[in-house]
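Enquirer: Please find run.tsv (TSV, N, CA and C atoms) on the next line:
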```
chain	number	residue	atom	x	y	z
G	797	MET	N	342.74	48.89	-68.12
G	797	MET	CA	343.48	47.93	-67.33
G	797	MET	C	343.00	46.51	-67.57
G	798	ARG	N	341.68	46.36	-67.78
G	798	ARG	CA	341.12	45.04	-67.98
G	798	ARG	C	341.67	44.38	-69.26
G	799	ILE	N	341.81	45.16	-70.32
G	799	ILE	CA	342.32	44.56	-71.56
G	799	ILE	C	343.77	44.13	-71.38
G	800	LEU	N	344.53	44.83	-70.55
G	800	LEU	CA	345.91	44.43	-70.28
G	800	LEU	C	345.93	43.09	-69.54
G	801	LYS	N	345.06	42.94	-68.56
G	801	LYS	CA	344.96	41.65	-67.86
G	801	LYS	C	344.54	40.56	-68.84
G	802	TYR	N	343.57	40.88	-69.70
G	802	TYR	CA	343.12	39.89	-70.67
G	802	TYR	C	344.22	39.55	-71.67
G	803	PHE	N	345.07	40.52	-71.95
G	803	PHE	CA	346.21	40.26	-72.83
G	803	PHE	C	347.08	39.13	-72.26
G	804	PHE	N	347.32	39.15	-70.97
G	804	PHE	CA	348.12	38.10	-70.34
G	804	PHE	C	347.36	36.78	-70.27
G	805	VAL	N	346.07	36.86	-69.95
G	805	VAL	CA	345.24	35.65	-69.93
G	805	VAL	C	345.16	35.07	-71.35
G	806	GLY	N	344.84	35.91	-72.31
G	806	GLY	CA	344.77	35.47	-73.70
G	806	GLY	C	346.11	34.97	-74.20
G	807	GLY	N	347.18	35.62	-73.75
G	807	GLY	CA	348.52	35.18	-74.14
G	807	GLY	C	348.84	33.80	-73.61
G	808	THR	N	348.43	33.54	-72.38
G	808	THR	CA	348.65	32.21	-71.81
G	808	THR	C	347.86	31.16	-72.57
G	809	ALA	N	346.59	31.46	-72.86
G	809	ALA	CA	345.77	30.53	-73.63
G	809	ALA	C	346.34	30.35	-75.04
G	810	ALA	N	346.86	31.43	-75.61
G	810	ALA	CA	347.47	31.34	-76.95
G	810	ALA	C	348.71	30.47	-76.93
G	811	ILE	N	349.50	30.55	-75.87
G	811	ILE	CA	350.68	29.70	-75.75
G	811	ILE	C	350.26	28.23	-75.70
G	812	VAL	N	349.19	27.95	-74.96
G	812	VAL	CA	348.67	26.57	-74.91
G	812	VAL	C	348.22	26.15	-76.31
G	813	ASP	N	347.44	27.00	-76.96
G	813	ASP	CA	346.89	26.70	-78.28
G	813	ASP	C	348.00	26.51	-79.32
G	814	VAL	N	348.84	27.51	-79.46
G	814	VAL	CA	349.90	27.46	-80.48
G	814	VAL	C	350.94	26.40	-80.13
G	815	GLY	N	351.27	26.29	-78.85
G	815	GLY	CA	352.27	25.30	-78.43
G	815	GLY	C	351.83	23.88	-78.77
G	816	LEU	N	350.61	23.53	-78.37
G	816	LEU	CA	350.10	22.20	-78.69
G	816	LEU	C	349.98	22.01	-80.20
G	817	PHE	N	349.53	23.06	-80.88
G	817	PHE	CA	349.40	23.01	-82.33
G	817	PHE	C	350.74	22.68	-83.00
G	818	LEU	N	351.77	23.39	-82.62
G	818	LEU	CA	353.09	23.18	-83.22
G	818	LEU	C	353.67	21.81	-82.86
G	819	ILE	N	353.49	21.40	-81.61
G	819	ILE	CA	354.01	20.10	-81.19
G	819	ILE	C	353.36	18.99	-82.02
G	820	PHE	N	352.04	19.02	-82.13
G	820	PHE	CA	351.36	17.90	-82.80
G	820	PHE	C	351.39	17.98	-84.32
G	821	THR	N	351.55	19.19	-84.89
G	821	THR	CA	351.66	19.26	-86.35
G	821	THR	C	353.09	19.08	-86.82
G	822	LYS	N	354.04	19.64	-86.09
G	822	LYS	CA	355.44	19.59	-86.53
G	822	LYS	C	356.15	18.31	-86.07
G	823	LEU	N	356.00	17.94	-84.81
G	823	LEU	CA	356.72	16.78	-84.30
G	823	LEU	C	356.03	15.46	-84.64
G	824	PHE	N	354.70	15.46	-84.58
G	824	PHE	CA	353.98	14.21	-84.79
G	824	PHE	C	353.26	14.14	-86.14
G	825	ASP	N	353.32	15.22	-86.91
G	825	ASP	CA	352.77	15.27	-88.27
G	825	ASP	C	351.27	14.96	-88.34
G	826	TYR	N	350.52	15.37	-87.33
G	826	TYR	CA	349.07	15.23	-87.37
G	826	TYR	C	348.47	16.30	-88.27
G	827	ASN	N	347.26	16.06	-88.75
G	827	ASN	CA	346.56	17.00	-89.61
G	827	ASN	C	346.36	18.33	-88.87
G	828	TYR	N	346.72	19.43	-89.51
G	828	TYR	CA	346.69	20.73	-88.85
G	828	TYR	C	345.28	21.19	-88.49
G	829	LEU	N	344.27	20.82	-89.27
G	829	LEU	CA	342.90	21.23	-88.93
G	829	LEU	C	342.37	20.45	-87.72
G	830	ALA	N	342.67	19.16	-87.64
G	830	ALA	CA	342.25	18.36	-86.48
G	830	ALA	C	342.95	18.85	-85.22
G	831	VAL	N	344.25	19.08	-85.32
G	831	VAL	CA	345.01	19.57	-84.16
G	831	VAL	C	344.52	20.95	-83.77
G	832	GLY	N	344.23	21.80	-84.76
G	832	GLY	CA	343.71	23.14	-84.49
G	832	GLY	C	342.42	23.10	-83.70
G	833	PHE	N	341.57	22.13	-84.00
G	833	PHE	CA	340.31	21.96	-83.27
G	833	PHE	C	340.58	21.63	-81.81
G	834	PHE	N	341.38	20.62	-81.54
G	834	PHE	CA	341.60	20.17	-80.16
G	834	PHE	C	342.43	21.15	-79.34
G	835	SER	N	343.44	21.75	-79.94
G	835	SER	CA	344.24	22.72	-79.18
G	835	SER	C	343.40	23.94	-78.83
G	836	PHE	N	342.50	24.32	-79.72
G	836	PHE	CA	341.62	25.47	-79.47
G	836	PHE	C	340.65	25.18	-78.33
G	837	ILE	N	340.09	23.97	-78.29
G	837	ILE	CA	339.15	23.60	-77.22
G	837	ILE	C	339.84	23.66	-75.85
G	838	LEU	N	341.04	23.12	-75.77
G	838	LEU	CA	341.77	23.15	-74.50
G	838	LEU	C	342.14	24.59	-74.13
G	839	ALA	N	342.57	25.37	-75.09
G	839	ALA	CA	342.93	26.76	-74.82
G	839	ALA	C	341.72	27.57	-74.37
G	840	THR	N	340.54	27.24	-74.87
G	840	THR	CA	339.31	27.92	-74.45
G	840	THR	C	339.05	27.69	-72.97
G	841	PHE	N	339.24	26.46	-72.52
G	841	PHE	CA	339.07	26.17	-71.09
G	841	PHE	C	340.08	26.96	-70.26
G	842	VAL	N	341.33	26.98	-70.68
G	842	VAL	CA	342.37	27.74	-69.98
G	842	VAL	C	341.98	29.22	-69.93
G	843	ASN	N	341.52	29.75	-71.06
G	843	ASN	CA	341.12	31.15	-71.12
G	843	ASN	C	339.97	31.44	-70.16
G	844	TYR	N	338.96	30.58	-70.15
G	844	TYR	CA	337.82	30.80	-69.26
G	844	TYR	C	338.26	30.79	-67.79
G	845	TYR	N	339.01	29.79	-67.42
G	845	TYR	CA	339.45	29.67	-66.03
G	845	TYR	C	340.25	30.90	-65.60
G	846	LEU	N	341.22	31.29	-66.40
G	846	LEU	CA	342.05	32.44	-66.05
G	846	LEU	C	341.26	33.75	-66.11
G	847	SER	N	340.31	33.84	-67.04
G	847	SER	CA	339.50	35.05	-67.17
G	847	SER	C	338.66	35.29	-65.92
G	848	ILE	N	338.01	34.24	-65.41
G	848	ILE	CA	337.17	34.45	-64.23
G	848	ILE	C	338.00	34.61	-62.97
G	849	ARG	N	339.23	34.17	-63.03
G	849	ARG	CA	340.12	34.32	-61.87
G	849	ARG	C	340.77	35.70	-61.81
G	850	PHE	N	341.12	36.26	-62.98
G	850	PHE	CA	341.92	37.49	-62.99
G	850	PHE	C	341.31	38.69	-63.72
G	851	VAL	N	340.31	38.49	-64.58
G	851	VAL	CA	339.87	39.60	-65.43
G	851	VAL	C	338.40	39.97	-65.20
G	852	PHE	N	337.51	39.02	-65.32
G	852	PHE	CA	336.09	39.30	-65.28
G	852	PHE	C	335.46	38.73	-64.00
G	853	GLU	N	334.34	39.32	-63.61
G	853	GLU	CA	333.60	38.81	-62.46
G	853	GLU	C	332.60	37.77	-62.95
G	854	SER	N	332.79	36.58	-62.48
G	854	SER	CA	331.91	35.49	-62.88
G	854	SER	C	330.61	35.54	-62.09
G	855	GLY	N	329.53	35.16	-62.74
G	855	GLY	CA	328.24	35.06	-62.06
G	855	GLY	C	327.48	36.36	-61.93
G	856	LYS	N	327.94	37.44	-62.51
G	856	LYS	CA	327.25	38.73	-62.39
G	856	LYS	C	326.02	38.80	-63.29
G	857	ARG	N	326.18	38.36	-64.52
G	857	ARG	CA	325.08	38.43	-65.47
G	857	ARG	C	324.36	37.10	-65.62
G	858	PHE	N	325.12	36.04	-65.61
G	858	PHE	CA	324.58	34.69	-65.79
G	858	PHE	C	325.12	33.79	-64.69
G	859	LYS	N	324.40	32.69	-64.42
G	859	LYS	CA	324.94	31.68	-63.52
G	859	LYS	C	326.18	31.08	-64.16
G	860	LYS	N	327.07	30.55	-63.33
G	860	LYS	CA	328.32	29.98	-63.86
G	860	LYS	C	328.07	28.91	-64.91
G	861	SER	N	327.06	28.08	-64.70
G	861	SER	CA	326.77	27.05	-65.69
G	861	SER	C	326.39	27.66	-67.04
G	862	HIS	N	325.65	28.76	-67.01
G	862	HIS	CA	325.28	29.46	-68.24
G	862	HIS	C	326.51	30.14	-68.86
G	863	GLU	N	327.36	30.70	-68.01
G	863	GLU	CA	328.58	31.33	-68.50
G	863	GLU	C	329.42	30.35	-69.31
G	864	ILE	N	329.61	29.18	-68.74
G	864	ILE	CA	330.43	28.17	-69.42
G	864	ILE	C	329.81	27.79	-70.75
G	865	ILE	N	328.50	27.62	-70.77
G	865	ILE	CA	327.82	27.29	-72.03
G	865	ILE	C	328.01	28.43	-73.04
G	866	LEU	N	327.82	29.67	-72.58
G	866	LEU	CA	328.01	30.83	-73.46
G	866	LEU	C	329.45	30.92	-73.97
G	867	ILE	N	330.40	30.67	-73.09
G	867	ILE	CA	331.81	30.72	-73.50
G	867	ILE	C	332.06	29.71	-74.61
G	868	TYR	N	331.53	28.52	-74.47
G	868	TYR	CA	331.76	27.51	-75.51
G	868	TYR	C	330.94	27.80	-76.78
G	869	ILE	N	329.80	28.44	-76.66
G	869	ILE	CA	329.06	28.86	-77.86
G	869	ILE	C	329.85	29.95	-78.59
G	870	VAL	N	330.27	30.96	-77.83
G	870	VAL	CA	331.08	32.03	-78.41
G	870	VAL	C	332.37	31.45	-78.98
G	871	SER	N	332.98	30.54	-78.23
G	871	SER	CA	334.21	29.93	-78.69
G	871	SER	C	333.98	29.04	-79.90
G	872	GLY	N	332.77	28.48	-80.01
G	872	GLY	CA	332.44	27.69	-81.20
G	872	GLY	C	332.48	28.55	-82.46
G	873	THR	N	331.93	29.75	-82.37
G	873	THR	CA	332.01	30.65	-83.53
G	873	THR	C	333.46	31.05	-83.77
G	874	SER	N	334.18	31.26	-82.69
G	874	SER	CA	335.60	31.60	-82.81
G	874	SER	C	336.39	30.43	-83.41
G	875	LEU	N	336.02	29.21	-83.03
G	875	LEU	CA	336.68	28.03	-83.58
G	875	LEU	C	336.46	27.93	-85.08
G	876	VAL	N	335.23	28.17	-85.51
G	876	VAL	CA	334.95	28.13	-86.95
G	876	VAL	C	335.79	29.19	-87.67
G	877	LEU	N	335.79	30.40	-87.12
G	877	LEU	CA	336.64	31.46	-87.70
G	877	LEU	C	338.11	31.05	-87.69
G	878	ASN	N	338.55	30.43	-86.60
G	878	ASN	CA	339.92	29.98	-86.46
G	878	ASN	C	340.28	29.01	-87.58
G	879	LEU	N	339.46	28.00	-87.78
G	879	LEU	CA	339.76	26.98	-88.78
G	879	LEU	C	339.65	27.52	-90.20
G	880	VAL	N	338.65	28.35	-90.46
G	880	VAL	CA	338.50	28.93	-91.80
G	880	VAL	C	339.68	29.84	-92.12
G	881	LEU	N	340.02	30.72	-91.19
G	881	LEU	CA	341.15	31.62	-91.42
G	881	LEU	C	342.46	30.84	-91.54
G	882	LEU	N	342.64	29.83	-90.70
G	882	LEU	CA	343.84	29.00	-90.78
G	882	LEU	C	343.95	28.35	-92.15
G	883	TYR	N	342.85	27.79	-92.62
G	883	TYR	CA	342.84	27.16	-93.94
G	883	TYR	C	343.16	28.19	-95.03
G	884	LEU	N	342.48	29.33	-95.00
G	884	LEU	CA	342.67	30.34	-96.04
G	884	LEU	C	344.10	30.88	-96.05
G	885	ILE	N	344.60	31.20	-94.88
G	885	ILE	CA	345.95	31.79	-94.82
G	885	ILE	C	347.00	30.76	-95.21
G	886	HIS	N	346.86	29.53	-94.73
G	886	HIS	CA	347.86	28.49	-95.05
G	886	HIS	C	347.72	27.99	-96.49
G	887	GLU	N	346.52	27.60	-96.87
G	887	GLU	CA	346.32	26.97	-98.18
G	887	GLU	C	346.26	27.96	-99.33
G	888	LYS	N	345.58	29.05	-99.14
G	888	LYS	CA	345.36	29.99	-100.25
G	888	LYS	C	346.46	31.05	-100.38
G	889	LEU	N	347.02	31.45	-99.23
G	889	LEU	CA	348.10	32.44	-99.28
G	889	LEU	C	349.48	31.80	-99.21
G	890	ASN	N	349.49	30.48	-99.04
G	890	ASN	CA	350.75	29.71	-98.97
G	890	ASN	C	351.69	30.20	-97.89
G	891	ILE	N	351.13	30.54	-96.74
G	891	ILE	CA	351.95	30.95	-95.60
G	891	ILE	C	352.15	29.73	-94.72
G	892	GLU	N	353.35	29.54	-94.24
G	892	GLU	CA	353.71	28.38	-93.42
G	892	GLU	C	352.69	28.20	-92.30
G	893	VAL	N	352.36	26.95	-91.97
G	893	VAL	CA	351.25	26.64	-91.07
G	893	VAL	C	351.46	27.23	-89.67
G	894	GLY	N	352.67	27.22	-89.14
G	894	GLY	CA	352.92	27.80	-87.82
G	894	GLY	C	352.71	29.30	-87.81
G	895	ILE	N	353.19	29.97	-88.84
G	895	ILE	CA	353.00	31.43	-88.97
G	895	ILE	C	351.51	31.73	-89.15
G	896	SER	N	350.83	30.90	-89.94
G	896	SER	CA	349.39	31.07	-90.15
G	896	SER	C	348.64	31.00	-88.83
G	897	LYS	N	349.00	30.05	-87.99
G	897	LYS	CA	348.35	29.87	-86.69
G	897	LYS	C	348.56	31.10	-85.81
G	898	ILE	N	349.76	31.63	-85.81
G	898	ILE	CA	350.06	32.82	-85.01
G	898	ILE	C	349.25	34.03	-85.50
G	899	ILE	N	349.14	34.20	-86.81
G	899	ILE	CA	348.35	35.30	-87.38
G	899	ILE	C	346.88	35.18	-86.96
G	900	VAL	N	346.33	33.99	-87.12
G	900	VAL	CA	344.93	33.75	-86.76
G	900	VAL	C	344.69	34.00	-85.27
G	901	THR	N	345.60	33.53	-84.45
G	901	THR	CA	345.48	33.72	-83.00
G	901	THR	C	345.44	35.21	-82.66
G	902	GLY	N	346.28	36.00	-83.29
G	902	GLY	CA	346.29	37.44	-83.07
G	902	GLY	C	344.99	38.11	-83.48
G	903	ILE	N	344.46	37.71	-84.60
G	903	ILE	CA	343.20	38.28	-85.08
G	903	ILE	C	342.06	37.96	-84.11
G	904	LEU	N	342.00	36.73	-83.67
G	904	LEU	CA	340.88	36.30	-82.83
G	904	LEU	C	341.00	36.76	-81.38
G	905	PHE	N	342.17	37.21	-80.97
G	905	PHE	CA	342.34	37.75	-79.62
G	905	PHE	C	341.33	38.88	-79.37
G	906	PHE	N	341.26	39.82	-80.29
G	906	PHE	CA	340.39	40.98	-80.11
G	906	PHE	C	338.92	40.59	-80.20
G	907	TYR	N	338.58	39.72	-81.10
G	907	TYR	CA	337.21	39.22	-81.20
G	907	TYR	C	336.77	38.59	-79.89
G	908	ASN	N	337.59	37.70	-79.35
G	908	ASN	CA	337.25	37.00	-78.11
G	908	ASN	C	337.13	37.96	-76.93
G	909	TYR	N	338.04	38.91	-76.83
G	909	TYR	CA	337.97	39.87	-75.72
G	909	TYR	C	336.66	40.66	-75.78
G	910	LEU	N	336.34	41.19	-76.93
G	910	LEU	CA	335.14	42.03	-77.06
G	910	LEU	C	333.87	41.26	-76.77
G	911	ILE	N	333.75	40.05	-77.26
G	911	ILE	CA	332.56	39.23	-77.00
G	911	ILE	C	332.44	38.92	-75.51
G	912	ARG	N	333.54	38.55	-74.89
G	912	ARG	CA	333.50	38.23	-73.46
G	912	ARG	C	333.19	39.48	-72.63
G	913	ARG	N	333.84	40.56	-72.95
G	913	ARG	CA	333.70	41.81	-72.19
G	913	ARG	C	332.29	42.37	-72.25
G	914	PHE	N	331.74	42.41	-73.46
G	914	PHE	CA	330.47	43.11	-73.63
G	914	PHE	C	329.25	42.21	-73.71
G	915	PHE	N	329.46	40.90	-73.76
G	915	PHE	CA	328.31	40.01	-73.80
G	915	PHE	C	328.28	39.05	-72.62
G	916	VAL	N	329.28	38.22	-72.49
G	916	VAL	CA	329.25	37.17	-71.47
G	916	VAL	C	329.40	37.73	-70.07
G	917	PHE	N	330.36	38.62	-69.86
G	917	PHE	CA	330.65	39.11	-68.51
G	917	PHE	C	330.17	40.55	-68.28
G	918	HIS	N	329.37	41.07	-69.17
G	918	HIS	CA	328.86	42.43	-69.01
G	918	HIS	C	327.89	42.48	-67.83
G	919	LYS	N	328.05	43.50	-67.00
G	919	LYS	CA	327.21	43.61	-65.79
G	919	LYS	C	325.82	44.11	-66.12
```
Please express what this file holds, its structure, as structure tokens.
Expert:
Amino acid sequence: MRILKYFFVGGTAAIVDVGLFLIFTKLFDYNYLAVGFFSFILATFVNYYLSIRFVFESGKRFKKSHEIILIYIVSGTSLVLNLVLLYLIHEKLNIEVGISKIIVTGILFFYNYLIRRFFVFHK
């Protein structure tokens, strides 16, 4: 049941991430790697907020301040993976940048859930 709830939380964060990404790369023609960085940071905050509200119990293993730091550390590794995969899929496989972003988001969904479930919010 928890992964189903996280699916909706992650889906909401993904909509923020991909939505902002597409708006700023397609409509405003900003660099896709720079936009990918900022949209991911904002989506991480959305994911954390919704996760502690609907999916995980905050403060069980770590103090909230430590949780937030851990989330951003974990998300930092996820961000690096996000940008590397985005670059590889778009530049090396010649897949359209919007489709590339959606593929990367799907891949990282499972990574993020598992890290949060078994490390950050594990009792």
Enquirer: For Gly815 (chain G), which residue among G:Tyr828, G:Val893, G:Tyr802, G:Ser835 is the nearest when counting all atoms listed in the file?
Expert: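 Of G:Tyr828, G:Val893, G:Tyr802, G:Ser835, the one nearest Gly815 (chain G) is G:Ser835, counting all atoms listed in the file.
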Enquirer: Between atom N of Phe915 (chain G) and atom C of Arg857 (chain G), what is the spacing in Å?
Expert: 10.3 Å
Enquirer: Near Lys856 (chain G), counting only N, CA and C atoms, which residues have an atom at most 6.5 Å away, once you skip same-chain residues fewer than 3 positions from it, shown as a list in words?
Expert: Glu853, Lys859, His918 and Lys919 of chain G
Enquirer: Show me, as lines of an AutoDock Vina configuration file, the centre and edge lengths in Å to one decimal of the axis-aligned box that covers every listed atom of region 871-877 of chain G with 3 Å on each side.
Expert:
```
center_x = 335.0
center_y = 29.6
center_z = -83.0
size_x = 12.2
size_y = 9.9
size_z = 15.5
```
Enquirer: Leaving out Val851 (chain G) and any residue of its chain fewer than 6 positions from it, which residues lie within 10 Å of it when counting only C-alpha atoms, given as an MDAnalysis selection string?
Expert: chainID G and resid 797:805 844:845 913 917
Enquirer: Skipping near chain neighbours, those fewer than 2 positions away, what residues fall within 9 Å of Val870 (chain G) using only C-alpha atoms, listed as an MDAnalysis selection string?
Expert: chainID G and resid 865:868 872:875 908 911:912 916
Enquirer: Take CA of Tyr907 (chain G) and CA of Ser861 (chain G) and report the distance between them in Å, one decimal.
Expert: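 A separation of 22.3 Å between them.
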Enquirer: Please determine the residues with any atom at most 8 Å from (349.6, 20.7, -79.4) (coordinates as given in the file, with all atoms listed in the file counting) and report them as an NGL selection string.
Expert: :G and (812-821 or 831-832 or 834-836)
Enquirer: What separation in Å, quoted to one decimal, exists between CA of Tyr909 (chain G) and atom N of Leu877 (chain G)?
Expert: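 A separation of 15.0 Å between them.
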Enquirer: From region 861-901 of chain G, collect each residue whose DSSP state is alpha helix (DSSP H) and return the set as an MDAnalysis selection string.
Expert: chainID G and resid 861:883 893:901
Enquirer: Taking into account only C-alpha atoms, which residue in the set G:Ile864, G:Ile898, G:Leu882, G:Ile848 is nearest to Leu829 (chain G)?
Expert: G:Leu882
